[in-house]
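This is query.txt. It holds compact mmCIF, C-alpha atoms.
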```
# COMPACT_ATOMS: atom_id res chain seq x y z
CA MET A 1 -42.20 -5.58 -110.52
CA VAL A 2 -42.80 -4.58 -114.14
CA ALA A 3 -46.29 -5.10 -115.55
CA VAL A 4 -47.07 -5.41 -119.26
CA ARG A 5 -50.52 -4.14 -120.24
CA ARG A 6 -52.52 -4.10 -123.46
CA LEU A 7 -53.16 -0.51 -124.60
CA ALA A 8 -56.58 -1.32 -126.07
CA ASP A 9 -58.21 -2.04 -122.72
CA GLY A 10 -55.50 -1.76 -120.07
CA ALA A 11 -55.65 -5.47 -119.28
CA GLU A 12 -52.51 -6.84 -117.62
CA LEU A 13 -50.93 -9.53 -119.79
CA TYR A 14 -48.20 -10.56 -117.39
CA ARG A 15 -45.69 -9.16 -114.97
CA PHE A 16 -42.00 -9.64 -114.28
CA GLU A 17 -41.50 -10.27 -110.56
CA GLY A 18 -37.84 -11.26 -110.53
CA PRO A 19 -36.37 -14.36 -108.89
CA PRO A 20 -37.02 -15.25 -105.22
CA ARG A 21 -35.32 -13.07 -102.60
CA MET A 22 -34.53 -10.36 -105.12
CA PRO A 23 -35.26 -7.15 -103.19
CA TYR A 24 -35.80 -4.77 -106.09
CA ILE A 25 -36.71 -4.89 -109.76
CA GLY A 26 -37.94 -2.48 -112.40
CA GLY A 27 -36.21 0.83 -111.67
CA LEU A 28 -34.85 0.86 -115.21
CA PHE A 29 -36.41 -1.00 -118.13
CA VAL A 30 -36.04 -0.63 -121.89
CA LEU A 31 -37.92 -2.25 -124.76
CA SER A 32 -35.90 -3.40 -127.77
CA PRO A 33 -36.66 -1.71 -131.14
CA ASP A 34 -38.33 -4.86 -132.44
CA ALA A 35 -40.37 -5.20 -129.19
CA ARG A 36 -39.11 -8.76 -128.72
CA LEU A 37 -37.05 -8.16 -125.58
CA LEU A 38 -37.49 -6.15 -122.40
CA ALA A 39 -34.28 -5.19 -120.58
CA ILE A 40 -34.75 -4.79 -116.83
CA ALA A 41 -32.17 -3.63 -114.30
CA VAL A 42 -32.23 -5.76 -111.16
CA SER A 43 -30.29 -6.04 -107.92
CA GLU A 44 -28.37 -9.14 -106.91
CA ASN A 45 -26.85 -10.66 -103.78
CA GLY A 46 -29.08 -8.70 -101.44
CA SER A 47 -27.89 -5.31 -102.67
CA TRP A 48 -30.25 -2.44 -103.48
CA GLU A 49 -28.03 -1.40 -106.40
CA GLN A 50 -29.45 -2.63 -109.70
CA ASN A 51 -26.19 -3.74 -111.28
CA VAL A 52 -27.49 -6.59 -113.48
CA ILE A 53 -29.54 -6.48 -116.69
CA GLN A 54 -32.01 -9.24 -117.44
CA LEU A 55 -33.41 -9.69 -120.95
CA TRP A 56 -36.99 -10.95 -120.93
CA GLU A 57 -38.84 -12.28 -123.96
CA MET A 58 -42.04 -10.32 -124.54
CA SER A 59 -43.92 -13.09 -126.35
CA THR A 60 -43.49 -15.67 -123.57
CA GLY A 61 -42.75 -13.60 -120.48
CA LYS A 62 -39.62 -15.68 -119.82
CA MET A 63 -36.02 -14.60 -119.25
CA ARG A 64 -33.63 -15.19 -122.14
CA ARG A 65 -30.36 -13.85 -120.76
CA THR A 66 -28.60 -12.10 -117.88
CA LEU A 67 -25.91 -9.46 -118.45
CA LYS A 68 -23.47 -9.19 -115.54
CA GLY A 69 -20.43 -6.93 -115.55
CA HIS A 70 -21.10 -3.73 -113.62
CA SER A 71 -20.12 -3.29 -110.00
CA GLY A 72 -22.39 -0.27 -109.56
CA ALA A 73 -26.02 0.46 -110.39
CA VAL A 74 -26.98 0.43 -114.06
CA THR A 75 -28.02 3.98 -114.89
CA GLY A 76 -28.69 3.65 -118.60
CA CYS A 77 -29.47 0.99 -121.20
CA VAL A 78 -30.14 1.09 -124.93
CA PHE A 79 -30.43 -1.47 -127.75
CA SER A 80 -28.84 -1.04 -131.16
CA PRO A 81 -31.40 -0.57 -133.98
CA ASP A 82 -30.96 -4.20 -135.12
CA GLY A 83 -31.33 -5.56 -131.57
CA ARG A 84 -27.97 -7.32 -131.62
CA PHE A 85 -26.10 -5.05 -129.23
CA VAL A 86 -26.97 -3.68 -125.80
CA LEU A 87 -25.15 -0.67 -124.35
CA THR A 88 -25.25 -0.19 -120.58
CA ALA A 89 -23.89 2.61 -118.41
CA SER A 90 -23.28 2.39 -114.68
CA SER A 91 -22.54 4.45 -111.59
CA ASP A 92 -19.23 2.57 -111.48
CA THR A 93 -18.21 5.02 -114.30
CA THR A 94 -18.09 2.31 -116.98
CA ALA A 95 -20.09 1.74 -120.15
CA LEU A 96 -20.31 -1.77 -121.55
CA VAL A 97 -21.33 -3.00 -125.00
CA TRP A 98 -22.88 -6.47 -125.05
CA ASP A 99 -22.92 -8.43 -128.32
CA LEU A 100 -25.84 -10.82 -127.99
CA ALA A 101 -24.59 -12.86 -130.95
CA VAL A 102 -21.46 -13.93 -129.08
CA GLN A 103 -21.88 -17.35 -127.44
CA LYS A 104 -19.56 -19.29 -125.15
CA GLU A 105 -19.46 -22.15 -127.66
CA GLN A 106 -19.65 -20.51 -131.06
CA LYS A 107 -19.83 -22.71 -134.15
CA LYS A 108 -20.26 -21.83 -137.79
CA GLU A 109 -20.82 -25.38 -138.99
CA TRP A 110 -23.19 -27.96 -137.57
CA THR A 111 -24.10 -31.55 -138.38
CA GLU A 112 -27.55 -32.23 -139.82
CA LYS A 113 -28.61 -33.75 -136.49
CA ALA A 114 -27.35 -30.72 -134.57
CA LEU A 115 -29.22 -28.35 -136.89
CA ALA A 116 -32.42 -30.31 -136.31
CA SER A 117 -31.82 -30.00 -132.58
CA LEU A 118 -31.37 -26.24 -132.89
CA TRP A 119 -34.64 -26.03 -134.80
CA ASP A 120 -36.38 -27.94 -132.00
CA ASP A 121 -34.80 -25.65 -129.41
CA LEU A 122 -36.47 -22.64 -131.01
CA GLY A 123 -39.74 -23.91 -129.55
CA ASN A 124 -38.29 -24.87 -126.18
CA ALA A 125 -40.04 -23.61 -123.05
CA ASP A 126 -36.58 -22.70 -121.72
CA ALA A 127 -36.12 -19.23 -123.24
CA ALA A 128 -32.40 -19.17 -122.41
CA ARG A 129 -31.90 -22.38 -124.40
CA ALA A 130 -33.92 -20.92 -127.26
CA ASP A 131 -31.78 -17.78 -127.14
CA ARG A 132 -28.64 -19.85 -127.66
CA ALA A 133 -30.30 -21.63 -130.58
CA ILE A 134 -31.33 -18.32 -132.17
CA TRP A 135 -27.81 -16.95 -132.25
CA ALA A 136 -26.25 -20.29 -133.18
CA LEU A 137 -28.46 -20.39 -136.28
CA VAL A 138 -27.66 -16.76 -137.09
CA ALA A 139 -23.92 -17.55 -136.92
CA ALA A 140 -24.37 -20.59 -139.19
CA ARG A 141 -26.58 -18.76 -141.65
CA GLN A 142 -25.53 -20.72 -144.73
CA GLN A 143 -26.67 -23.94 -143.10
CA ALA A 144 -29.58 -22.37 -141.23
CA LEU A 145 -31.41 -20.90 -144.21
CA PRO A 146 -32.28 -24.24 -145.89
CA VAL A 147 -33.48 -25.62 -142.53
CA LEU A 148 -35.67 -22.58 -141.92
CA ARG A 149 -37.13 -22.65 -145.44
CA LYS A 150 -37.90 -26.36 -145.14
CA ASN A 151 -39.56 -26.22 -141.72
CA LEU A 152 -41.25 -22.81 -141.85
CA PRO A 153 -44.03 -22.63 -144.47
CA PRO A 154 -46.35 -19.60 -144.69
CA ALA A 155 -49.41 -19.64 -142.46
CA PRO A 156 -52.19 -21.59 -144.24
CA ALA A 157 -55.54 -20.03 -145.10
CA PRO A 158 -58.38 -20.95 -142.73
CA ARG A 159 -60.54 -23.88 -143.83
CA PRO A 160 -64.22 -23.24 -144.72
CA ASP A 161 -65.46 -25.26 -141.74
CA TRP A 162 -63.42 -23.05 -139.40
CA ARG A 163 -65.19 -19.99 -140.77
CA ALA A 164 -68.49 -21.78 -140.26
CA TRP A 165 -67.66 -22.29 -136.59
CA VAL A 166 -67.04 -18.56 -136.16
CA LYS A 167 -70.40 -17.88 -137.76
CA ASP A 168 -72.05 -20.42 -135.45
CA LEU A 169 -70.94 -18.42 -132.42
CA ASP A 170 -74.03 -16.35 -133.21
CA SER A 171 -76.30 -19.40 -133.54
CA GLU A 172 -79.77 -19.14 -132.03
CA GLN A 173 -79.27 -22.58 -130.48
CA PHE A 174 -77.12 -22.88 -127.36
CA ALA A 175 -75.89 -26.30 -128.52
CA GLY A 176 -74.65 -24.74 -131.78
CA ARG A 177 -72.89 -21.89 -129.99
CA ASP A 178 -71.30 -24.26 -127.48
CA LYS A 179 -70.13 -26.69 -130.18
CA ALA A 180 -68.58 -23.83 -132.18
CA SER A 181 -66.81 -22.44 -129.11
CA ARG A 182 -65.34 -25.82 -128.22
CA ALA A 183 -64.25 -26.47 -131.81
CA LEU A 184 -62.51 -23.10 -132.09
CA GLU A 185 -60.85 -23.56 -128.71
CA ALA A 186 -59.52 -26.93 -129.86
CA LEU A 187 -58.04 -25.28 -132.95
CA GLY A 188 -55.86 -23.16 -130.71
CA GLU A 189 -53.48 -20.87 -132.56
CA LYS A 190 -54.97 -21.77 -135.94
CA ALA A 191 -58.14 -19.93 -134.94
CA TYR A 192 -56.29 -16.73 -134.00
CA PRO A 193 -56.56 -14.81 -137.31
CA LEU A 194 -60.22 -15.76 -137.73
CA LEU A 195 -61.07 -14.66 -134.21
CA GLN A 196 -59.09 -11.45 -134.54
CA LYS A 197 -61.06 -10.46 -137.63
CA ALA A 198 -64.37 -11.63 -136.16
CA SER A 199 -63.82 -9.55 -133.03
CA THR A 200 -64.21 -6.39 -135.12
CA ASP A 201 -67.03 -7.75 -137.28
CA ALA A 202 -69.09 -9.36 -134.51
CA PRO A 203 -72.78 -8.47 -134.88
CA SER A 204 -73.59 -8.47 -131.17
CA LEU A 205 -72.05 -7.86 -127.76
CA GLU A 206 -72.67 -11.48 -126.78
CA VAL A 207 -70.67 -12.77 -129.75
CA ARG A 208 -67.86 -10.31 -129.08
CA LEU A 209 -67.67 -11.52 -125.48
CA ARG A 210 -67.41 -15.13 -126.65
CA ILE A 211 -64.67 -14.20 -129.09
CA GLU A 212 -62.79 -12.19 -126.46
CA LYS A 213 -62.95 -15.17 -124.12
CA LEU A 214 -61.45 -17.42 -126.80
CA LEU A 215 -58.78 -14.84 -127.69
CA GLY A 216 -57.95 -14.44 -124.03
CA ARG A 217 -56.71 -18.02 -124.02
CA LEU A 218 -54.49 -17.30 -127.02
CA ASN A 219 -53.09 -13.93 -125.97
CA TYR A 220 -49.76 -13.29 -124.32
CA PRO A 221 -47.83 -14.89 -122.85
CA LEU A 222 -47.72 -17.46 -125.64
CA THR A 223 -47.58 -21.13 -124.69
CA SER A 224 -47.87 -22.95 -128.03
CA PRO A 225 -44.42 -24.44 -128.83
CA ARG A 226 -45.19 -24.28 -132.56
CA THR A 227 -46.13 -20.61 -132.51
CA ILE A 228 -43.18 -19.70 -130.30
CA ARG A 229 -40.84 -21.61 -132.63
CA GLU A 230 -42.24 -19.81 -135.68
CA LEU A 231 -41.80 -16.36 -134.15
CA ARG A 232 -38.26 -17.12 -133.02
CA ALA A 233 -37.45 -18.47 -136.49
CA VAL A 234 -38.61 -15.17 -137.98
CA GLU A 235 -36.28 -13.46 -135.52
CA VAL A 236 -33.41 -15.62 -136.82
CA LEU A 237 -34.19 -14.64 -140.42
CA GLU A 238 -34.30 -10.96 -139.52
CA HIS A 239 -30.94 -11.14 -137.74
CA ILE A 240 -29.41 -12.97 -140.72
CA GLY A 241 -30.76 -10.23 -142.96
CA THR A 242 -29.23 -11.44 -146.23
CA VAL A 243 -31.02 -11.28 -149.57
CA GLN A 244 -31.93 -14.96 -149.18
CA ALA A 245 -33.27 -14.38 -145.66
CA ARG A 246 -35.38 -11.46 -146.90
CA GLN A 247 -36.76 -13.63 -149.66
CA ALA A 248 -37.77 -16.23 -147.07
CA LEU A 249 -39.48 -13.51 -145.03
CA GLN A 250 -41.24 -12.27 -148.15
CA GLN A 251 -42.70 -15.74 -148.69
CA LEU A 252 -43.87 -15.89 -145.08
CA SER A 253 -45.45 -12.45 -145.38
CA LEU A 254 -47.80 -13.87 -148.06
CA GLY A 255 -49.38 -16.27 -145.57
CA ALA A 256 -52.85 -16.03 -144.06
CA PRO A 257 -53.59 -12.40 -143.14
CA GLY A 258 -53.81 -11.81 -139.42
CA SER A 259 -51.77 -14.83 -138.35
CA ARG A 260 -48.92 -14.14 -135.95
CA LEU A 261 -46.41 -15.65 -138.39
CA THR A 262 -47.56 -13.47 -141.28
CA ASP A 263 -47.61 -10.32 -139.16
CA ALA A 264 -44.17 -11.05 -137.68
CA ALA A 265 -42.65 -11.59 -141.15
CA ARG A 266 -44.15 -8.33 -142.43
CA ALA A 267 -42.85 -6.41 -139.41
CA SER A 268 -39.36 -7.87 -139.95
CA LEU A 269 -39.38 -6.83 -143.60
CA GLU A 270 -40.37 -3.29 -142.65
CA ARG A 271 -37.44 -3.04 -140.24
CA LEU A 272 -35.02 -4.60 -142.73
CA ALA A 273 -36.07 -2.09 -145.41
CA ASN A 274 -33.93 0.47 -143.58
CA ARG A 275 -30.87 -1.78 -143.38
CA LYS A 276 -28.38 -2.83 -145.99
CA ALA A 277 -28.16 -6.57 -146.63
CA PRO A 278 -24.83 -8.10 -145.51
```
Can the structure in the file be given as structure tokens, please?
Amino acid sequence: MVAVRRLADGAELYRFEGPPRMPYIGGLFVLSPDARLLAIAVSENGSWEQNVIQLWEMSTGKMRRTLKGHSGAVTGCVFSPDGRFVLTASSDTTALVWDLAVQKEQKKEWTEKALASLWDDLGNADAARADRAIWALVAARQQALPVLRKNLPPAPAPRPDWRAWVKDLDSEQFAGRDKASRALEALGEKAYPLLQKASTDAPSLEVRLRIEKLLGRLNYPLTSPRTIRELRAVEVLEHIGTVQARQALQQLSLGAPGSRLTDAARASLERLANRKAP
């Protein structure tokens, strides 16, 4: 078992247990440089040797891919700086380089309908299916960029009435506090940046506790298909890495401060600043 905890308070966000009947998991685990993937060495077929690497998505807590090729225990694992390659070493005396961009059915041109399907797959609850869509869009970057620009606008600024609801969390009337809590909960992910900011500005412990309760329902693992799709789309843009992709990320970075989309775009730009555009 591998547990993921929040450093701020030590709270457990989720844990990776491994599939049923798997006797051992978690002897070796490595986080990718962009913190999107967690590589875990696991055993298979009843063996105690951890000869398989699973790649788990940090934002959803779901497995995106399995890397099988070693006959002995995996003794080392490292990601390339851009997150595209994984290098594994094993007690079987071999070292393998895995190119995550290589798919069984690789295409560089897609129909308009197929591109729309790939966009939808970015928000799919099946992380393995989303992984295939990510790399398919990266491979077809000339076609993918217009689709991403069209469907991925910057995060909008919060509406005035949303801010009023946050303020009403400190209302003297229970009915006002309850109404504001229910309204913000119904907003879901749209309330995230407001609540994040309010959690540091809250005037009282009671208000902070209400905000923490609301944030707790929005924290990891993510479940909103829209938010998951947006974050995976940012990942596609970062892997494409061209001047046009960086321009798209720059636009996204100008969205509402504190939103996951804005923060993800800014983080991608910071990483890309150290890489040469293809």
Per-residue nearest contacts region 179-244 of chain A to region 71-84 of chain A, cut-off 10 Å, using all atoms listed in the file, as CSV:
```
residue,atom,partner,partner_atom,distance
A:Glu238,CA,A:Asp82,CA,8.7
A:His239,CA,A:Asp82,CA,7.4
A:Gly241,CA,A:Asp82,CA,9.9
```
**Message:** I'd like the contact shell of region 51-60 of chain A - 7 Å cut-off, all atoms listed in the file, skipping same-chain residues fewer than 5 positions apart - returned as a VMD selection string.
**Reply:** chain A and resid 36 to 43 65 to 68 70 to 74 220 to 223
**Residue neighbourhood Asp168 (chain A), 7 Å, all atoms listed in the file, exclusion window fewer than 6 positions, as a VMD selection string** = chain A and resid 176 to 177 180
**Prompt:** Nearest to Pro153 (chain A): which of A:Glu44, A:Glu230, A:Asp263, A:Glu189 is it, counting all atoms listed in the file?
**Reply:** A:Glu230
**Request:** Go ahead and compute the interatomic distance for CA of Gln247 (chain A) and CA of Ser117 (chain A), in Å to one decimal.
**Result:** 24.2 Å
**Message:** Counting all atoms listed in the file, I want the residues whose atoms come within 7 Å of (-56.6, -12.8, -137.9) in the file frame, returned as a VMD selection string.
**Reply:** chain A and resid 192 to 197 257 to 259
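The two atoms in question, CA of Gly123 (chain A) and CA of Pro225 (chain A), are spaced 4.8 Å apart.
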**Prompt:** Hey, can you check how far CA of Thr111 (chain A) sits from CA of Val236 (chain A)?
**Reply:** 18.5 Å
Residue contacts of Ala139 (chain A) (10 Å, only C-alpha atoms) excluding same-chain residues fewer than 3 positions away, as a PDB file with C-alpha atoms, in the frame of the given file:
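So around-v2.pdb came out as:
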```pdb
ATOM      1  CA  ALA A 101     -24.590 -12.860-130.950  1.00  0.00           C
ATOM      2  CA  VAL A 102     -21.460 -13.930-129.080  1.00  0.00           C
ATOM      3  CA  GLN A 103     -21.880 -17.350-127.440  1.00  0.00           C
ATOM      4  CA  GLN A 106     -19.650 -20.510-131.060  1.00  0.00           C
ATOM      5  CA  LYS A 107     -19.830 -22.710-134.150  1.00  0.00           C
ATOM      6  CA  LYS A 108     -20.260 -21.830-137.790  1.00  0.00           C
ATOM      7  CA  GLU A 109     -20.820 -25.380-138.990  1.00  0.00           C
ATOM      8  CA  ALA A 133     -30.300 -21.630-130.580  1.00  0.00           C
ATOM      9  CA  ILE A 134     -31.330 -18.320-132.170  1.00  0.00           C
ATOM     10  CA  TRP A 135     -27.810 -16.950-132.250  1.00  0.00           C
ATOM     11  CA  ALA A 136     -26.250 -20.290-133.180  1.00  0.00           C
ATOM     12  CA  GLN A 142     -25.530 -20.720-144.730  1.00  0.00           C
ATOM     13  CA  GLN A 143     -26.670 -23.940-143.100  1.00  0.00           C
ATOM     14  CA  ALA A 144     -29.580 -22.370-141.230  1.00  0.00           C
ATOM     15  CA  VAL A 236     -33.410 -15.620-136.820  1.00  0.00           C
ATOM     16  CA  HIS A 239     -30.940 -11.140-137.740  1.00  0.00           C
ATOM     17  CA  ILE A 240     -29.410 -12.970-140.720  1.00  0.00           C
TER      18      ILE A 240
END
```
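Among A:Ser204, A:Gln50, A:Thr242, A:Gln173, the residue with the shortest atom-to-atom distance to Thr88 (chain A), counting all atoms listed in the file, is A:Gln50.
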**Message:** Around the point (-34.4, -22.4, -144.0) (coordinates from the file), which residues reach within 12 Å if we count all atoms listed in the file? Answer as a ChimeraX atom specification.
**Reply:** /A:115-116,119,137-138,140-153,230,233-234,236-237,240,244-249,251-252
**Request:** Just the residues within 8 Å of Ala157 (chain A), please, counting all atoms listed in the file, with nothing from its chain fewer than 2 positions along; format it as a PyMOL selection string.
**Result:** chain A and resi 155+159+255-256
**Message:** What's around Ala127 (chain A) at 7 Å? Count only C-alpha atoms, leave out sequence neighbours fewer than 6 positions away in its own chain, and write the answer as a ChimeraX atom specification.
**Reply:** /A:62-64
